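Structure file start.tsv (TSV, C-alpha atoms) is printed below.
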chain	number	residue	atom	x	y	z
A	1	MET	CA	82.30	74.43	123.46
A	2	LYS	CA	83.18	75.93	120.07
A	3	VAL	CA	86.81	75.93	119.00
A	4	ALA	CA	86.75	79.72	119.06
A	5	ALA	CA	85.77	79.80	122.70
A	6	ALA	CA	88.41	77.22	123.54
A	7	VAL	CA	91.12	79.23	121.84
A	8	ALA	CA	90.01	82.43	123.49
A	9	ALA	CA	89.32	80.81	126.93
A	10	LEU	CA	91.57	82.06	121.18
A	11	LEU	CA	91.71	84.72	121.92
A	12	LEU	CA	93.02	86.71	125.33
A	13	VAL	CA	95.87	87.32	134.77
A	14	CYS	CA	102.32	87.10	146.94
A	15	THR	CA	104.55	89.51	146.24
A	16	PRO	CA	108.15	89.12	145.03
A	17	ILE	CA	110.70	87.54	147.33
A	18	ALA	CA	111.51	89.67	150.36
A	19	ALA	CA	115.06	90.48	149.25
A	20	LEU	CA	113.68	92.27	146.18
A	21	ALA	CA	110.60	93.81	147.76
A	22	ASP	CA	111.95	97.34	147.88
A	23	ASP	CA	113.02	97.40	144.23
A	24	ALA	CA	110.31	95.30	142.61
A	25	PRO	CA	107.25	96.91	141.03
A	26	SER	CA	103.85	96.34	142.59
A	27	VAL	CA	101.06	94.44	140.88
A	28	SER	CA	99.12	97.68	140.42
A	29	SER	CA	102.07	99.44	138.77
A	30	VAL	CA	102.60	96.53	136.38
A	31	LEU	CA	98.92	96.60	135.41
A	32	SER	CA	99.02	100.36	134.92
A	33	THR	CA	102.06	100.11	132.65
A	34	LEU	CA	100.38	97.39	130.61
A	35	ALA	CA	97.11	99.31	130.26
A	36	ALA	CA	98.80	102.60	129.37
A	37	SER	CA	101.33	101.24	126.86
A	38	SER	CA	101.76	103.72	124.01
A	39	GLU	CA	103.13	101.01	121.71
A	40	GLN	CA	99.73	99.41	121.23
A	41	PRO	CA	97.59	101.10	118.56
A	42	GLU	CA	93.95	101.95	119.25
A	43	GLU	CA	92.64	99.72	116.46
A	44	TYR	CA	93.69	98.13	113.20
A	45	LYS	CA	92.87	95.59	110.53
A	46	ALA	CA	95.21	92.91	109.16
A	47	SER	CA	95.16	89.88	106.92
A	48	VAL	CA	95.75	86.60	108.74
A	49	ALA	CA	96.83	83.08	107.84
A	50	LEU	CA	95.78	80.55	110.48
A	51	HIS	CA	97.66	77.24	110.41
A	52	VAL	CA	95.63	74.52	112.14
A	53	ARG	CA	96.86	71.11	113.26
A	54	MET	CA	94.50	68.88	115.20
A	55	ARG	CA	96.19	66.35	117.49
A	56	MET	CA	93.10	64.12	117.77
A	57	PHE	CA	90.28	63.06	115.46
A	58	PRO	CA	89.59	64.34	112.83
A	59	PHE	CA	93.37	65.00	112.65
A	60	ILE	CA	92.95	67.82	110.16
A	61	ARG	CA	95.87	69.97	109.06
A	62	MET	CA	95.14	73.08	107.02
A	63	THR	CA	95.75	76.78	106.56
A	64	LEU	CA	92.86	79.25	106.59
A	65	HIS	CA	93.06	82.77	105.18
A	66	GLY	CA	91.00	85.77	106.19
A	67	ASP	CA	90.93	89.12	107.97
A	68	SER	CA	91.37	90.14	111.58
A	69	TRP	CA	90.39	93.27	113.49
A	70	TYR	CA	91.78	94.53	116.77
A	71	LYS	CA	90.41	97.20	119.07
A	72	ARG	CA	92.11	98.32	122.26
A	73	PRO	CA	92.29	97.22	125.04
A	74	GLY	CA	92.00	93.62	123.84
A	75	LEU	CA	89.14	92.80	121.44
A	76	TYR	CA	90.01	90.53	118.50
A	77	ARG	CA	87.71	89.44	115.64
A	78	PHE	CA	88.51	87.00	112.82
A	79	VAL	CA	86.61	86.11	109.65
A	80	PHE	CA	88.01	83.41	107.35
A	81	ARG	CA	87.18	82.69	103.72
A	82	GLY	CA	86.53	79.35	102.02
A	83	VAL	CA	86.43	77.34	105.26
A	84	PRO	CA	85.59	73.65	104.67
A	85	LEU	CA	82.66	72.19	106.57
A	86	ILE	CA	84.90	70.12	108.82
A	87	ALA	CA	86.53	73.34	110.12
A	88	ARG	CA	83.34	75.39	110.31
A	89	ALA	CA	83.99	76.45	113.91
A	90	PHE	CA	86.99	78.45	112.69
A	91	SER	CA	85.02	80.54	110.17
A	92	ASP	CA	84.13	83.34	112.60
A	93	MET	CA	86.05	83.83	115.84
A	94	LYS	CA	86.07	86.54	118.46
A	95	TYR	CA	87.70	86.95	121.84
A	96	ASP	CA	88.37	89.74	124.30
A	97	LEU	CA	91.46	89.87	126.48
A	98	GLY	CA	89.89	92.66	128.51
A	99	ASN	CA	91.36	95.80	130.00
A	100	PRO	CA	94.35	95.04	132.28
A	101	ALA	CA	93.43	98.04	134.44
A	102	LEU	CA	90.12	96.31	135.23
A	103	TRP	CA	91.46	92.80	135.80
A	104	PRO	CA	91.39	93.24	139.62
A	105	GLU	CA	87.61	93.63	139.39
A	106	ARG	CA	87.27	90.08	138.02
A	107	TYR	CA	90.38	88.38	139.36
A	108	ASP	CA	92.58	88.12	142.41
A	109	VAL	CA	95.91	89.22	140.90
A	110	ALA	CA	99.31	88.31	142.35
A	111	PHE	CA	102.82	87.61	141.12
A	112	ALA	CA	103.39	83.99	140.12
A	113	PRO	CA	106.22	82.11	141.93
A	114	GLU	CA	108.47	82.28	138.84
A	115	SER	CA	107.98	86.04	138.47
A	116	THR	CA	110.97	88.40	138.64
A	117	PRO	CA	111.13	92.22	138.53
A	118	GLY	CA	112.61	92.11	135.04
A	119	ALA	CA	110.25	89.42	133.74
A	120	PRO	CA	107.00	89.65	135.72
A	121	VAL	CA	104.39	86.91	135.53
A	122	LEU	CA	100.94	87.68	136.88
A	123	HIS	CA	98.74	84.94	138.32
A	124	LEU	CA	95.01	85.65	137.93
A	125	THR	CA	92.38	83.70	139.83
A	126	PRO	CA	88.71	84.36	138.94
A	127	LYS	CA	86.70	85.76	141.85
A	128	SER	CA	83.57	83.96	140.63
A	129	PRO	CA	83.40	80.26	139.68
A	130	VAL	CA	84.04	79.78	135.94
A	131	LEU	CA	85.57	77.10	133.72
A	132	VAL	CA	88.97	78.83	133.86
A	133	LYS	CA	90.74	77.99	137.13
A	134	SER	CA	93.61	80.44	136.69
A	135	LEU	CA	95.49	82.50	134.13
A	136	ASP	CA	99.22	83.20	134.14
A	137	VAL	CA	100.42	86.13	132.03
A	138	ALA	CA	104.11	86.74	131.25
A	139	LEU	CA	104.90	90.37	130.44
A	140	ASP	CA	107.56	92.59	128.93
A	141	PRO	CA	107.49	95.43	131.50
A	142	ALA	CA	109.71	97.75	129.46
A	143	HIS	CA	107.21	97.86	126.60
A	144	GLY	CA	103.95	96.92	128.30
A	145	ARG	CA	103.45	93.78	126.19
A	146	ILE	CA	101.75	90.46	126.87
A	147	LEU	CA	104.26	87.81	125.80
A	148	LYS	CA	102.58	84.62	126.96
A	149	ALA	CA	99.29	83.60	128.54
A	150	THR	CA	98.48	80.20	130.03
A	151	TRP	CA	94.92	79.24	130.95
A	152	THR	CA	94.42	76.36	133.39
A	153	ARG	CA	90.88	75.01	133.47
A	154	ASN	CA	88.86	73.18	136.09
A	155	ASP	CA	88.30	70.27	133.70
A	156	GLY	CA	92.06	69.61	133.56
A	157	GLY	CA	92.51	71.44	130.27
A	158	ARG	CA	95.29	73.86	129.48
A	159	ILE	CA	95.74	76.47	126.75
A	160	THR	CA	98.99	78.34	126.10
A	161	LEU	CA	99.25	81.41	123.87
A	162	VAL	CA	102.56	83.03	122.83
A	163	GLN	CA	102.70	86.40	121.05
A	164	THR	CA	105.47	87.88	118.89
A	165	TYR	CA	105.51	91.58	118.03
A	166	ALA	CA	106.79	93.60	115.06
A	167	PRO	CA	107.23	97.38	114.66
A	168	VAL	CA	104.70	98.99	112.32
A	169	ALA	CA	104.29	102.74	111.83
A	170	GLY	CA	105.64	103.63	115.26
A	171	HIS	CA	103.63	100.98	117.08
A	172	ALA	CA	104.13	97.35	118.07
A	173	PHE	CA	101.67	95.02	116.36
A	174	VAL	CA	101.16	91.35	117.19
A	175	ALA	CA	102.72	89.73	114.11
A	176	LYS	CA	102.42	86.09	115.20
A	177	GLN	CA	100.46	84.07	117.73
A	178	THR	CA	100.97	80.40	118.52
A	179	ALA	CA	98.56	78.43	120.66
A	180	THR	CA	98.75	74.96	122.13
A	181	ILE	CA	95.36	73.59	123.13
A	182	ASN	CA	95.18	70.57	125.42
A	183	LEU	CA	91.56	69.99	126.43
A	184	PRO	CA	89.67	66.79	127.26
A	185	ARG	CA	87.85	66.94	123.91
A	186	MET	CA	90.35	68.86	121.81
A	187	LYS	CA	94.09	68.80	121.26
A	188	ALA	CA	95.45	71.17	118.66
A	189	GLU	CA	98.22	73.50	117.64
A	190	LEU	CA	97.43	76.84	116.02
A	191	GLU	CA	99.69	79.45	114.47
A	192	ALA	CA	98.41	82.80	113.23
A	193	ASP	CA	100.59	85.00	111.00
A	194	TYR	CA	99.53	88.62	110.47
A	195	GLU	CA	100.48	91.08	107.72
A	196	ASN	CA	99.12	94.00	105.68
A	197	PHE	CA	98.30	96.05	108.76
A	198	THR	CA	96.18	99.14	108.25
A	199	THR	CA	94.86	101.71	110.69
A	200	THR	CA	92.72	103.64	108.21
A	201	GLU	CA	89.23	104.39	109.44
A	202	ALA	CA	87.59	103.12	106.25
A	203	SER	CA	89.18	99.67	106.54
A	204	ILE	CA	88.59	99.29	110.27
A	205	GLY	CA	85.00	100.43	109.90
A	206	SER	CA	84.28	97.51	107.60
A	207	ALA	CA	84.62	95.00	110.44
A	208	PRO	CA	81.50	92.78	110.52
Output the file's structure as structure tokens, nothing else.
Amino acid sequence: MKVAAAVAALLLVCTPIAALADDAPSVSSVLSTLAASSEQPEEYKASVALHVRMRMFPFIRMTLHGDSWYKRPGLYRFVFRGVPLIARAFSDMKYDLGNPALWPERYDVAFAPESTPGAPVLHLTPKSPVLVKSLDVALDPAHGRILKATWTRNDGGRITLVQTYAPVAGHAFVAKQTATINLPRMKAELEADYENFTTTEASIGSAP
């Protein structure tokens, strides 16, 4: 599997306890809030610096520079410049987090055991057999943001993605992403820093 696919799995979801049942939001209401968040822009372009640290051979450590594009509800595209041959898999990456409103079509969605009304965590189990065994998504319900996503795979692998947001022009843009990849054939740490956000049609339209 390409590094890009591993990151996406790089890049990309029971009920609460009975005592809180009357006050806690439902899974459907949490998904609706996430899908309808007004903080997230429709689309934008940004420059990105990707810091790569491989924890197994070839043990590379480098920083790649390039551009990223985002389109709601969750499509990301990255193109990096001057990528050395050893890191060729990073040169062009794409992943789609999908539309939260449509997650129930692909997954059985429930609250994870550690979920609380103020800090919900959704546990997604694919309805059809795939490499991903489950996906846990931690949310900020007040702002409709995905804070953390953890993919557990059937091959014993695990990928964790953490997102940090920053206010830009009345919206909340993902300003940093950190990913820890622990797969049978790959162990790595990635950190992506974003800046120079633009929502102009001309810039976004140049996405390859």
What's the separation between atom CA of A:Ser91 and atom CA of A:Lys71, in Å to one decimal place?
19.6 Å
Proximity to A:Arg145 - best of A:Ala188, A:Ala112, A:Ala169, A:Ala36, all atoms listed in the file:
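Closest residue, counting all atoms listed in the file: A:Ala36.
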What's the 6 Å shell around A:Arg106, counting all atoms listed in the file, without same-chain residues fewer than 2 positions away, as an NGL selection string?
:A and (103-104 or 126-127)
C-alpha atoms of the current selection, written as a compact mmCIF listing (two decimals), in the coordinates of the input:
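The resulting file, again.txt, is shown below:
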# COMPACT_ATOMS: atom_id res chain seq x y z
CA TRP A 103 91.46 92.80 135.80
CA PRO A 104 91.39 93.24 139.62
CA PRO A 126 88.71 84.36 138.94
CA LYS A 127 86.70 85.76 141.85
Out of A:Pro120, A:Pro129, A:Ser37, A:Lys45, which residue has the shortest atom-to-atom distance to A:Pro73 when counting all atoms listed in the file?
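The shortest atom-to-atom distance to A:Pro73 comes from A:Ser37.
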For A:Pro113, which of A:Tyr76, A:Arg153, A:Gly66, A:Ala138 is the closest residue, counting all atoms listed in the file?
A:Ala138
To one decimal in Å, tell me the separation between atom CA of A:Val30 and atom CA of A:Ala149.
15.5 Å
Choose the residue, out of A:Leu131, A:Met54, A:Leu147, A:Met62, that has the smallest atom-to-atom separation from A:Asn182; count only C-alpha atoms.
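Ranking A:Leu131, A:Met54, A:Leu147, A:Met62 by distance to A:Asn182, first place goes to A:Met54.
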Length of the atom CA of A:Leu31 to atom CA of A:Pro117 vector [Å]:
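Value for the atom CA of A:Leu31-atom CA of A:Pro117 distance: 13.3 Å.
For the point (97.1, 76.3, 112.7), the residues with at least one atom inside 9 Å, counting all atoms listed in the file, are Ala49, Leu50, His51, Val52, Arg53, Met54, Arg61, Met62, Thr63, Leu64, Thr178, Ala179, Ala188, Glu189, Leu190, Glu191 and Ala192 of chain A.
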Hey, which of A:Asp67, A:Asp193, A:Glu114, A:Glu39 ends up closest to A:His143? Count all atoms listed in the file.
A:Glu39
Pick from A:Leu75, A:Leu85, A:Val109, A:Leu161: nearest to A:Ser28, with all atoms listed in the file counted?
A:Val109
Residues within 8 Å of A:Glu195, all atoms listed in the file, excluding chain neighbours under 5 positions, as a PDB file with C-alpha atoms, in the frame of the given file:
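Below is the file that was written, around_23.pdb:
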ATOM      1  CA  ALA A  46      95.210  92.910 109.160  1.00  0.00           C
ATOM      2  CA  SER A  47      95.160  89.880 106.920  1.00  0.00           C
ATOM      3  CA  VAL A  48      95.750  86.600 108.740  1.00  0.00           C
ATOM      4  CA  ALA A 175     102.720  89.730 114.110  1.00  0.00           C
TER       5      ALA A 175
END
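Here the residues that fall within 9 Å of (98.6, 79.4, 127.7), using all atoms listed in the file, are given as Leu135, Asp136, Val137, Lys148, Ala149, Thr150, Trp151, Thr152, Arg158, Ile159, Thr160, Leu161, Val162, Ala179, Thr180 and Ile181 of chain A.
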Write the residues you've just listed into a file as an mmCIF file, keeping the file's coordinate frame, and include C-alpha atoms for each of them.
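To be explicit, this is the file written out as part-v9.cif:
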data_model
loop_
_atom_site.group_PDB
_atom_site.id
_atom_site.type_symbol
_atom_site.label_atom_id
_atom_site.label_comp_id
_atom_site.auth_asym_id
_atom_site.auth_seq_id
_atom_site.Cartn_x
_atom_site.Cartn_y
_atom_site.Cartn_z
ATOM 1 C CA LEU A 135 95.490 82.500 134.130
ATOM 2 C CA ASP A 136 99.220 83.200 134.140
ATOM 3 C CA VAL A 137 100.420 86.130 132.030
ATOM 4 C CA LYS A 148 102.580 84.620 126.960
ATOM 5 C CA ALA A 149 99.290 83.600 128.540
ATOM 6 C CA THR A 150 98.480 80.200 130.030
ATOM 7 C CA TRP A 151 94.920 79.240 130.950
ATOM 8 C CA THR A 152 94.420 76.360 133.390
ATOM 9 C CA ARG A 158 95.290 73.860 129.480
ATOM 10 C CA ILE A 159 95.740 76.470 126.750
ATOM 11 C CA THR A 160 98.990 78.340 126.100
ATOM 12 C CA LEU A 161 99.250 81.410 123.870
ATOM 13 C CA VAL A 162 102.560 83.030 122.830
ATOM 14 C CA ALA A 179 98.560 78.430 120.660
ATOM 15 C CA THR A 180 98.750 74.960 122.130
ATOM 16 C CA ILE A 181 95.360 73.590 123.130
#
Can you tell me which residues surround A:His171 at a distance of at most 8 Å, considering all atoms listed in the file, apart from same-chain residues fewer than 3 positions away, and format the answer as a compact mmCIF listing (two decimals) with C-alpha atoms, in the frame of the given file?
# COMPACT_ATOMS: atom_id res chain seq x y z
CA SER A 38 101.76 103.72 124.01
CA GLU A 39 103.13 101.01 121.71
CA GLN A 40 99.73 99.41 121.23
CA PRO A 41 97.59 101.10 118.56
CA PRO A 167 107.23 97.38 114.66
CA VAL A 168 104.70 98.99 112.32
As a tab-separated table (two decimals), in the frame of the given file, could you write out stretch 168-199 of chain A once it has been completed with N, CA and C atoms?
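Okay, part-v1.tsv is ready:
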chain	number	residue	atom	x	y	z
A	168	VAL	N	105.46	98.52	113.48
A	168	VAL	CA	104.70	98.99	112.32
A	168	VAL	C	104.26	100.42	112.58
A	169	ALA	N	104.73	101.35	111.77
A	169	ALA	CA	104.29	102.74	111.83
A	169	ALA	C	104.35	103.33	113.24
A	170	GLY	N	105.46	103.06	113.94
A	170	GLY	CA	105.64	103.63	115.26
A	170	GLY	C	104.94	102.89	116.38
A	171	HIS	N	104.30	101.79	116.07
A	171	HIS	CA	103.63	100.98	117.08
A	171	HIS	C	104.20	99.57	117.08
A	172	ALA	N	103.74	98.76	118.01
A	172	ALA	CA	104.13	97.35	118.07
A	172	ALA	C	102.87	96.51	117.85
A	173	PHE	N	102.81	95.86	116.70
A	173	PHE	CA	101.67	95.02	116.36
A	173	PHE	C	101.99	93.57	116.66
A	174	VAL	N	100.98	92.79	117.03
A	174	VAL	CA	101.16	91.35	117.19
A	174	VAL	C	101.28	90.76	115.79
A	175	ALA	N	102.47	90.26	115.45
A	175	ALA	CA	102.72	89.73	114.11
A	175	ALA	C	102.52	88.22	114.04
A	176	LYS	N	102.61	87.54	115.18
A	176	LYS	CA	102.42	86.09	115.20
A	176	LYS	C	101.87	85.66	116.55
A	177	GLN	N	100.97	84.70	116.52
A	177	GLN	CA	100.46	84.07	117.73
A	177	GLN	C	100.52	82.56	117.54
A	178	THR	N	101.01	81.85	118.54
A	178	THR	CA	100.97	80.40	118.52
A	178	THR	C	100.21	79.93	119.75
A	179	ALA	N	99.38	78.94	119.55
A	179	ALA	CA	98.56	78.43	120.66
A	179	ALA	C	98.63	76.92	120.70
A	180	THR	N	98.81	76.41	121.89
A	180	THR	CA	98.75	74.96	122.13
A	180	THR	C	97.53	74.69	122.98
A	181	ILE	N	96.62	73.88	122.45
A	181	ILE	CA	95.36	73.59	123.13
A	181	ILE	C	95.36	72.13	123.58
A	182	ASN	N	95.21	71.93	124.87
A	182	ASN	CA	95.18	70.57	125.42
A	182	ASN	C	93.96	70.47	126.32
A	183	LEU	N	92.83	70.10	125.73
A	183	LEU	CA	91.56	69.99	126.43
A	183	LEU	C	91.08	68.55	126.39
A	184	PRO	N	90.16	68.17	127.27
A	184	PRO	CA	89.67	66.79	127.26
A	184	PRO	C	89.11	66.36	125.91
A	185	ARG	N	88.46	67.30	125.18
A	185	ARG	CA	87.85	66.94	123.91
A	185	ARG	C	88.53	67.59	122.71
A	186	MET	N	89.66	68.22	122.92
A	186	MET	CA	90.35	68.86	121.81
A	186	MET	C	91.83	69.01	122.12
A	187	LYS	N	92.65	68.60	121.16
A	187	LYS	CA	94.09	68.80	121.26
A	187	LYS	C	94.54	69.33	119.91
A	188	ALA	N	95.10	70.54	119.92
A	188	ALA	CA	95.45	71.17	118.66
A	188	ALA	C	96.59	72.15	118.83
A	189	GLU	N	97.20	72.47	117.70
A	189	GLU	CA	98.22	73.50	117.64
A	189	GLU	C	97.80	74.51	116.58
A	190	LEU	N	97.82	75.78	116.93
A	190	LEU	CA	97.43	76.84	116.02
A	190	LEU	C	98.57	77.84	115.89
A	191	GLU	N	98.72	78.38	114.69
A	191	GLU	CA	99.69	79.45	114.47
A	191	GLU	C	99.06	80.48	113.55
A	192	ALA	N	99.00	81.71	114.01
A	192	ALA	CA	98.41	82.80	113.23
A	192	ALA	C	99.50	83.78	112.83
A	193	ASP	N	99.62	84.03	111.53
A	193	ASP	CA	100.59	85.00	111.00
A	193	ASP	C	99.82	86.19	110.45
A	194	TYR	N	100.22	87.40	110.87
A	194	TYR	CA	99.53	88.62	110.47
A	194	TYR	C	100.40	89.47	109.56
A	195	GLU	N	99.77	90.15	108.60
A	195	GLU	CA	100.48	91.08	107.72
A	195	GLU	C	99.46	92.07	107.13
A	196	ASN	N	99.98	92.99	106.32
A	196	ASN	CA	99.12	94.00	105.68
A	196	ASN	C	98.30	94.78	106.71
A	197	PHE	N	98.97	95.28	107.72
A	197	PHE	CA	98.30	96.05	108.76
A	197	PHE	C	97.84	97.40	108.21
A	198	THR	N	96.66	97.83	108.62
A	198	THR	CA	96.18	99.14	108.25
A	198	THR	C	95.40	99.74	109.41
A	199	THR	N	95.58	101.01	109.61
A	199	THR	CA	94.86	101.71	110.69
A	199	THR	C	93.90	102.75	110.12
